Amino acid sequence: MKNKHMLLILIICTFIGLGLIPRVRAIEYSAGVKEGDELIWICSIYQKEKMEQLFGNDWDEINASVFKDMEEGAKMKWRITEIIENAILYSNKTKNNESALSIKFDIWNWTKNVDWGSKDSQDQRSLFKNPLNNLDDLIYPNFAPFWLPVPIGEYMKAMEPVLSSGYTVDGRVLLAITIELNIGDLDGTYPTEYVKVLALYNDKGIIRSYKLYITDHFVMVDISLESNPILEIPLIILLVVLSYIGLAIVLSKIK
Amino acid sequence: MSIKTQFSRIKDRFLELWKTSQIFKYAISLHILYFIISLILVFTIYREQNDFLIYWKAGGVFLENTPDLYNQEYYVWDFRYFPLSALFFIPFYVLGFDLGFLSFQILNLILNILISIILYKIIMLVKREGEKKDDKRVILYICIYLMAAPQVLNYILGQINLYITFFMLLSLLIFLKKEGVIWDLIGSIVLGISIILKPTALFIIPFLLIIHFDLKEKKLKIDYSRSIVRLIGVILPIASNFIPFLLYPQLLEGFIATNYTGSNPLTLNYSFSITKNITNFCYLFNIPYNQLFILIVVIGIIAILGLLIFIIGDFDGNALVYGFTFSLIIMLLGYFDSWNHHLLNLIPLLMIILFNMPSKLKETIGIKRMFFFFSFFDIAFMGLWFLTFVYFPFNFASTTFLILTFYYIGRYCLKYSRDIIVHKSEMEVNEK
């Protein structure tokens, strides 16, 4: 009898609790990075000739391209100088001024010189707070944005309807955007072959890995966000080894 | 026995176990807790990010705009199952998301009860002679199944694995308990329904054949009529999907595009299949690859091995139990996406095998360890993957244990099983 009452109370409380849960949660997007953050990317693969064949000779010369002067083994750095959380920008989509997020940053172009010296340029990237106000112009020249607002999974998913066909957003396991381009998708001529881009993001909304493939996953470009492997790799090895030892001990006790 | 009497017996047994067995009490309480937590999480945090949303939407699209079923703009993640599976979700769609999800989860809960009952019945059927007469150990293992960690993810994601397990075990029970061609047909139709819902059990089809190669006589024996009946039974429900495909050709195009030309397999993830671990390796080291080629090679190798063992091995009348298990291991090791919650399909089969194999064997102890790993530890290695994926994107613990399970079962079927059968027939001869 006592158990029956307990169970009944538990069920009633659960349903009351469920009823009190707000149904709609408004998502407030923010920049994810903060002023002073330094982001360094390293290029491990760059098939320059093939890329020129795919997209034309001056493909990396376009304004706002992060690929300008890229070479294998080189690094590029951004330093965030300002975050504008309440920017107002004109949206070509809605034909109105809309609320946006902006980041300003200094750029050190791709270089193999680890002494960064003084910055090469500065730039600003903006995205509307309502993801649907963005245009589908993420296509060229970078194919995938190097920065997105957070929570990035929600932003990416909300942005998906405005993106061109060929874009797939996947936030199920890792935050990723896949872009597939068929021959002539850009301007009728380029790319000259099927191209696939896979961009993975970290939880700060920064691109952590960027790979551009042609058919059968031949890699043409591989860029990744630099982390601190001297600290991370030994920790990871230790974690993996300890987990397996722990598991072996536990399982060996089962007879 | 009438349903009323059966229900009354189950109720009495439940109350008896509740009063006498501590582990049973824990298992039921923990399972209800999983159920409640999943409801709270889905209605709050994962409202827009759960698998049920896809099934629910698919039910709606099928109802309102059938040719558009594979238009992926409707879904959070791709809907890639057979078109008739969407029919099953229409009632949930009609109820609306909240009530639909609640009903779906209550049905999941009921399914777990039914699965436990069927499991009990199957184990009692295949339990090896000499095992203790009482059913305490059976109850203990069923309790472990109810407490298993994949249950949590299955509930939270609103997944349909329990439906697959239910139909699979029901078909197995029919095959084991009932004799005659008509039951062969019914059993395989039930299995076909599970494949419609989700093709996890697809590779069971070749294991339905009644086939054995006698090594002594060097002769292949096939029961053609029963094998054909089983094949017809299982293919019938699957083939019925061609009706919507014929009615709406756009559906077929969408189905093919989603399943065979999509880009999803490219993304890194913690799937523990061999195929995924290979593509993750290729991703990490920028090795060119063709995902379809890898898929075919991996599945080909494991499936051929599994089938060979199935044809050559001796199973003492329980070939289907081992065949079902082999097929699931092949699927889990071969297909791109093998997740923790898919283990809910395998764990009950391992449990049945544990009761069918002699408990003292090295292989049985090995499988028992695998059973515990899949029930409680795999989920931890999934978490570990998120910490290490930048440098080490391999979730290979389950891969290793699945291969070991395959090895142990294969070894048993080829050697010990034969020895036991020979020993048994010698004993019978001596007795005579």
# chains A, B, ... in the order shown; residues from 1 in each chain; ligands from 1
>>> interface_residues(of="chain A", to="chain B", cutoff="7 Å", atoms="only C-alpha atoms", output="PyMOL selection string")
chain A and resi 18+21+173+216-219+236+251+254-255
>>> residues_around(residues="region 143-160 of chain A", least_positions_apart="2", cutoff="7 Å", atoms="only C-alpha atoms", output="list in words")
Tyr29, Ser30, Ala31, Gly32, Pro131, Leu132, Leu138, Ile139, Tyr140, Pro141, Val162, Leu163, Val169, Gly171, Leu175, Ala199, Asp203, Lys204, Gly205, Ile206 and Ile207 of chain A
>>> write_last_selection(atoms="C-alpha atoms", output="compact mmCIF listing (two decimals), in the first residue's frame")
# COMPACT_ATOMS: atom_id res chain seq x y z
CA TYR A 29 23.46 34.16 -29.36
CA SER A 30 26.84 35.56 -28.39
CA ALA A 31 30.33 35.73 -29.88
CA GLY A 32 31.88 32.73 -28.10
CA PRO A 131 20.41 33.22 -38.34
CA LEU A 132 17.67 33.44 -40.97
CA LEU A 138 29.05 31.76 -47.17
CA ILE A 139 29.86 29.98 -50.39
CA TYR A 140 32.84 31.87 -51.71
CA PRO A 141 35.74 32.15 -51.09
CA VAL A 162 19.07 29.93 -45.79
CA LEU A 163 22.14 28.04 -46.97
CA VAL A 169 24.69 20.98 -41.03
CA GLY A 171 25.43 18.95 -34.79
CA LEU A 175 29.55 20.47 -34.84
CA ALA A 199 34.39 22.04 -41.54
CA ASP A 203 32.23 24.96 -28.84
CA LYS A 204 33.49 28.55 -29.07
CA GLY A 205 32.24 28.74 -32.63
CA ILE A 206 35.72 28.63 -34.18
CA ILE A 207 36.59 26.34 -37.04
>>> residues_around(residues="region 320-327 of chain B", least_positions_apart="5", cutoff="8 Å", atoms="only C-alpha atoms", output="list in words")
Leu172, Ala201, Leu202, Phe203, Ile204, Phe207, Leu208, Ala303, Gly306, Phe310, Phe315, Leu346, Leu349, Leu350, Ile352, Ile353, Phe406 and Ile409 of chain B
>>> closest_residue(among="A:Leu174, A:Ile84, A:Ile214, A:Ala74", to="Lys196 (chain A)", atoms="only C-alpha atoms")
A:Ile214
>>> closest_residue(among="A:Trp78, A:Asp185, A:Ile42, A:Asn86", to="Asp120 (chain A)", atoms="only C-alpha atoms")
A:Trp78
>>> select_by_dssp(residues="region 97-189 of chain A", states="alpha helix (DSSP H)", output="VMD selection string")
chain A and resid 152 to 159
>>> write_last_selection(atoms="N, CA, C and O atoms", output="PDB file, in the first residue's frame")
ATOM      1  N   ILE A 152      26.632  27.304 -30.873  1.00  0.00           N
ATOM      2  CA  ILE A 152      26.887  27.125 -32.306  1.00  0.00           C
ATOM      3  C   ILE A 152      25.984  26.068 -32.943  1.00  0.00           C
ATOM      4  O   ILE A 152      25.538  26.224 -34.076  1.00  0.00           O
ATOM      5  N   GLY A 153      25.684  25.000 -32.186  1.00  0.00           N
ATOM      6  CA  GLY A 153      24.838  23.937 -32.740  1.00  0.00           C
ATOM      7  C   GLY A 153      23.483  24.495 -33.154  1.00  0.00           C
ATOM      8  O   GLY A 153      23.001  24.253 -34.262  1.00  0.00           O
ATOM      9  N   GLU A 154      22.891  25.292 -32.257  1.00  0.00           N
ATOM     10  CA  GLU A 154      21.581  25.885 -32.530  1.00  0.00           C
ATOM     11  C   GLU A 154      21.677  26.901 -33.673  1.00  0.00           C
ATOM     12  O   GLU A 154      20.812  26.959 -34.539  1.00  0.00           O
ATOM     13  N   TYR A 155      22.772  27.699 -33.666  1.00  0.00           N
ATOM     14  CA  TYR A 155      22.924  28.722 -34.705  1.00  0.00           C
ATOM     15  C   TYR A 155      23.055  28.064 -36.083  1.00  0.00           C
ATOM     16  O   TYR A 155      22.420  28.455 -37.051  1.00  0.00           O
ATOM     17  N   MET A 156      23.895  27.027 -36.137  1.00  0.00           N
ATOM     18  CA  MET A 156      24.114  26.329 -37.408  1.00  0.00           C
ATOM     19  C   MET A 156      22.824  25.723 -37.930  1.00  0.00           C
ATOM     20  O   MET A 156      22.494  25.830 -39.104  1.00  0.00           O
ATOM     21  N   LYS A 157      22.116  25.090 -37.018  1.00  0.00           N
ATOM     22  CA  LYS A 157      20.879  24.404 -37.440  1.00  0.00           C
ATOM     23  C   LYS A 157      19.840  25.427 -37.907  1.00  0.00           C
ATOM     24  O   LYS A 157      19.154  25.214 -38.907  1.00  0.00           O
ATOM     25  N   ALA A 158      19.765  26.575 -37.163  1.00  0.00           N
ATOM     26  CA  ALA A 158      18.784  27.600 -37.541  1.00  0.00           C
ATOM     27  C   ALA A 158      19.157  28.257 -38.863  1.00  0.00           C
ATOM     28  O   ALA A 158      18.301  28.737 -39.592  1.00  0.00           O
ATOM     29  N   MET A 159      20.448  28.270 -39.165  1.00  0.00           N
ATOM     30  CA  MET A 159      20.932  28.933 -40.385  1.00  0.00           C
ATOM     31  C   MET A 159      20.728  28.037 -41.624  1.00  0.00           C
ATOM     32  O   MET A 159      20.710  28.521 -42.747  1.00  0.00           O
TER      33      MET A 159
END
>>> select_by_dssp(residues="region 151-394 of chain B", states="strand (DSSP E or B)", output="list in words")
Ile211, His212, Phe213, Asp214, Lys219, Leu220, Lys221 and Ile222 of chain B
>>> residues_around(residues="Tyr55 (chain B)", least_positions_apart="4", cutoff="10 Å", atoms="only C-alpha atoms", output="VMD selection string")
chain B and resid 50 to 51 59 to 61 75 79 81 85 to 90 92 to 93 158 to 160
>>> write_last_selection(atoms="N, CA and C atoms", output="PDB file, in the first residue's frame")
ATOM      1  N   ASN B  50      16.425  15.252 -30.790  1.00  0.00           N
ATOM      2  CA  ASN B  50      16.276  13.833 -30.434  1.00  0.00           C
ATOM      3  C   ASN B  50      15.811  13.070 -31.662  1.00  0.00           C
ATOM      4  N   ASP B  51      16.043  11.774 -31.629  1.00  0.00           N
ATOM      5  CA  ASP B  51      15.732  10.955 -32.799  1.00  0.00           C
ATOM      6  C   ASP B  51      14.232  10.765 -33.000  1.00  0.00           C
ATOM      7  N   GLY B  59       6.300  10.425 -39.765  1.00  0.00           N
ATOM      8  CA  GLY B  59       4.892  10.022 -39.708  1.00  0.00           C
ATOM      9  C   GLY B  59       4.002  11.111 -40.294  1.00  0.00           C
ATOM     10  N   GLY B  60       4.307  12.353 -39.923  1.00  0.00           N
ATOM     11  CA  GLY B  60       3.532  13.499 -40.404  1.00  0.00           C
ATOM     12  C   GLY B  60       3.676  13.705 -41.901  1.00  0.00           C
ATOM     13  N   VAL B  61       4.911  13.633 -42.395  1.00  0.00           N
ATOM     14  CA  VAL B  61       5.148  13.850 -43.830  1.00  0.00           C
ATOM     15  C   VAL B  61       4.472  12.740 -44.636  1.00  0.00           C
ATOM     16  N   TYR B  75      13.711  17.352 -41.541  1.00  0.00           N
ATOM     17  CA  TYR B  75      14.243  16.635 -40.376  1.00  0.00           C
ATOM     18  C   TYR B  75      15.507  17.272 -39.803  1.00  0.00           C
ATOM     19  N   PHE B  79      16.242  11.234 -42.428  1.00  0.00           N
ATOM     20  CA  PHE B  79      15.361  10.076 -42.284  1.00  0.00           C
ATOM     21  C   PHE B  79      15.741   9.117 -43.403  1.00  0.00           C
ATOM     22  N   TYR B  81      15.073   5.404 -43.333  1.00  0.00           N
ATOM     23  CA  TYR B  81      14.523   4.052 -43.261  1.00  0.00           C
ATOM     24  C   TYR B  81      13.521   3.794 -44.384  1.00  0.00           C
ATOM     25  N   SER B  85       8.019   2.239 -42.702  1.00  0.00           N
ATOM     26  CA  SER B  85       8.302   2.461 -41.276  1.00  0.00           C
ATOM     27  C   SER B  85       7.606   3.738 -40.800  1.00  0.00           C
ATOM     28  N   ALA B  86       7.458   4.694 -41.718  1.00  0.00           N
ATOM     29  CA  ALA B  86       6.826   5.968 -41.344  1.00  0.00           C
ATOM     30  C   ALA B  86       5.361   5.763 -40.950  1.00  0.00           C
ATOM     31  N   LEU B  87       4.741   4.734 -41.537  1.00  0.00           N
ATOM     32  CA  LEU B  87       3.335   4.431 -41.215  1.00  0.00           C
ATOM     33  C   LEU B  87       3.157   4.224 -39.709  1.00  0.00           C
ATOM     34  N   PHE B  88       4.142   3.547 -39.136  1.00  0.00           N
ATOM     35  CA  PHE B  88       4.095   3.194 -37.729  1.00  0.00           C
ATOM     36  C   PHE B  88       4.047   4.436 -36.825  1.00  0.00           C
ATOM     37  N   PHE B  89       4.609   5.544 -37.332  1.00  0.00           N
ATOM     38  CA  PHE B  89       4.717   6.732 -36.484  1.00  0.00           C
ATOM     39  C   PHE B  89       3.555   7.708 -36.676  1.00  0.00           C
ATOM     40  N   ILE B  90       2.672   7.391 -37.601  1.00  0.00           N
ATOM     41  CA  ILE B  90       1.528   8.288 -37.842  1.00  0.00           C
ATOM     42  C   ILE B  90       0.684   8.509 -36.571  1.00  0.00           C
ATOM     43  N   PHE B  92       1.536   8.572 -33.524  1.00  0.00           N
ATOM     44  CA  PHE B  92       2.248   9.483 -32.612  1.00  0.00           C
ATOM     45  C   PHE B  92       2.191  10.916 -33.138  1.00  0.00           C
ATOM     46  N   TYR B  93       2.257  11.060 -34.465  1.00  0.00           N
ATOM     47  CA  TYR B  93       2.200  12.393 -35.072  1.00  0.00           C
ATOM     48  C   TYR B  93       0.831  13.027 -34.828  1.00  0.00           C
ATOM     49  N   GLY B 158      14.856   8.776 -27.762  1.00  0.00           N
ATOM     50  CA  GLY B 158      13.567   8.384 -28.343  1.00  0.00           C
ATOM     51  C   GLY B 158      13.804   7.425 -29.495  1.00  0.00           C
ATOM     52  N   GLN B 159      14.699   6.461 -29.267  1.00  0.00           N
ATOM     53  CA  GLN B 159      15.082   5.531 -30.337  1.00  0.00           C
ATOM     54  C   GLN B 159      14.125   4.337 -30.419  1.00  0.00           C
ATOM     55  N   ILE B 160      14.233   3.589 -31.510  1.00  0.00           N
ATOM     56  CA  ILE B 160      13.284   2.491 -31.717  1.00  0.00           C
ATOM     57  C   ILE B 160      13.938   1.107 -31.587  1.00  0.00           C
TER      58      ILE B 160
END
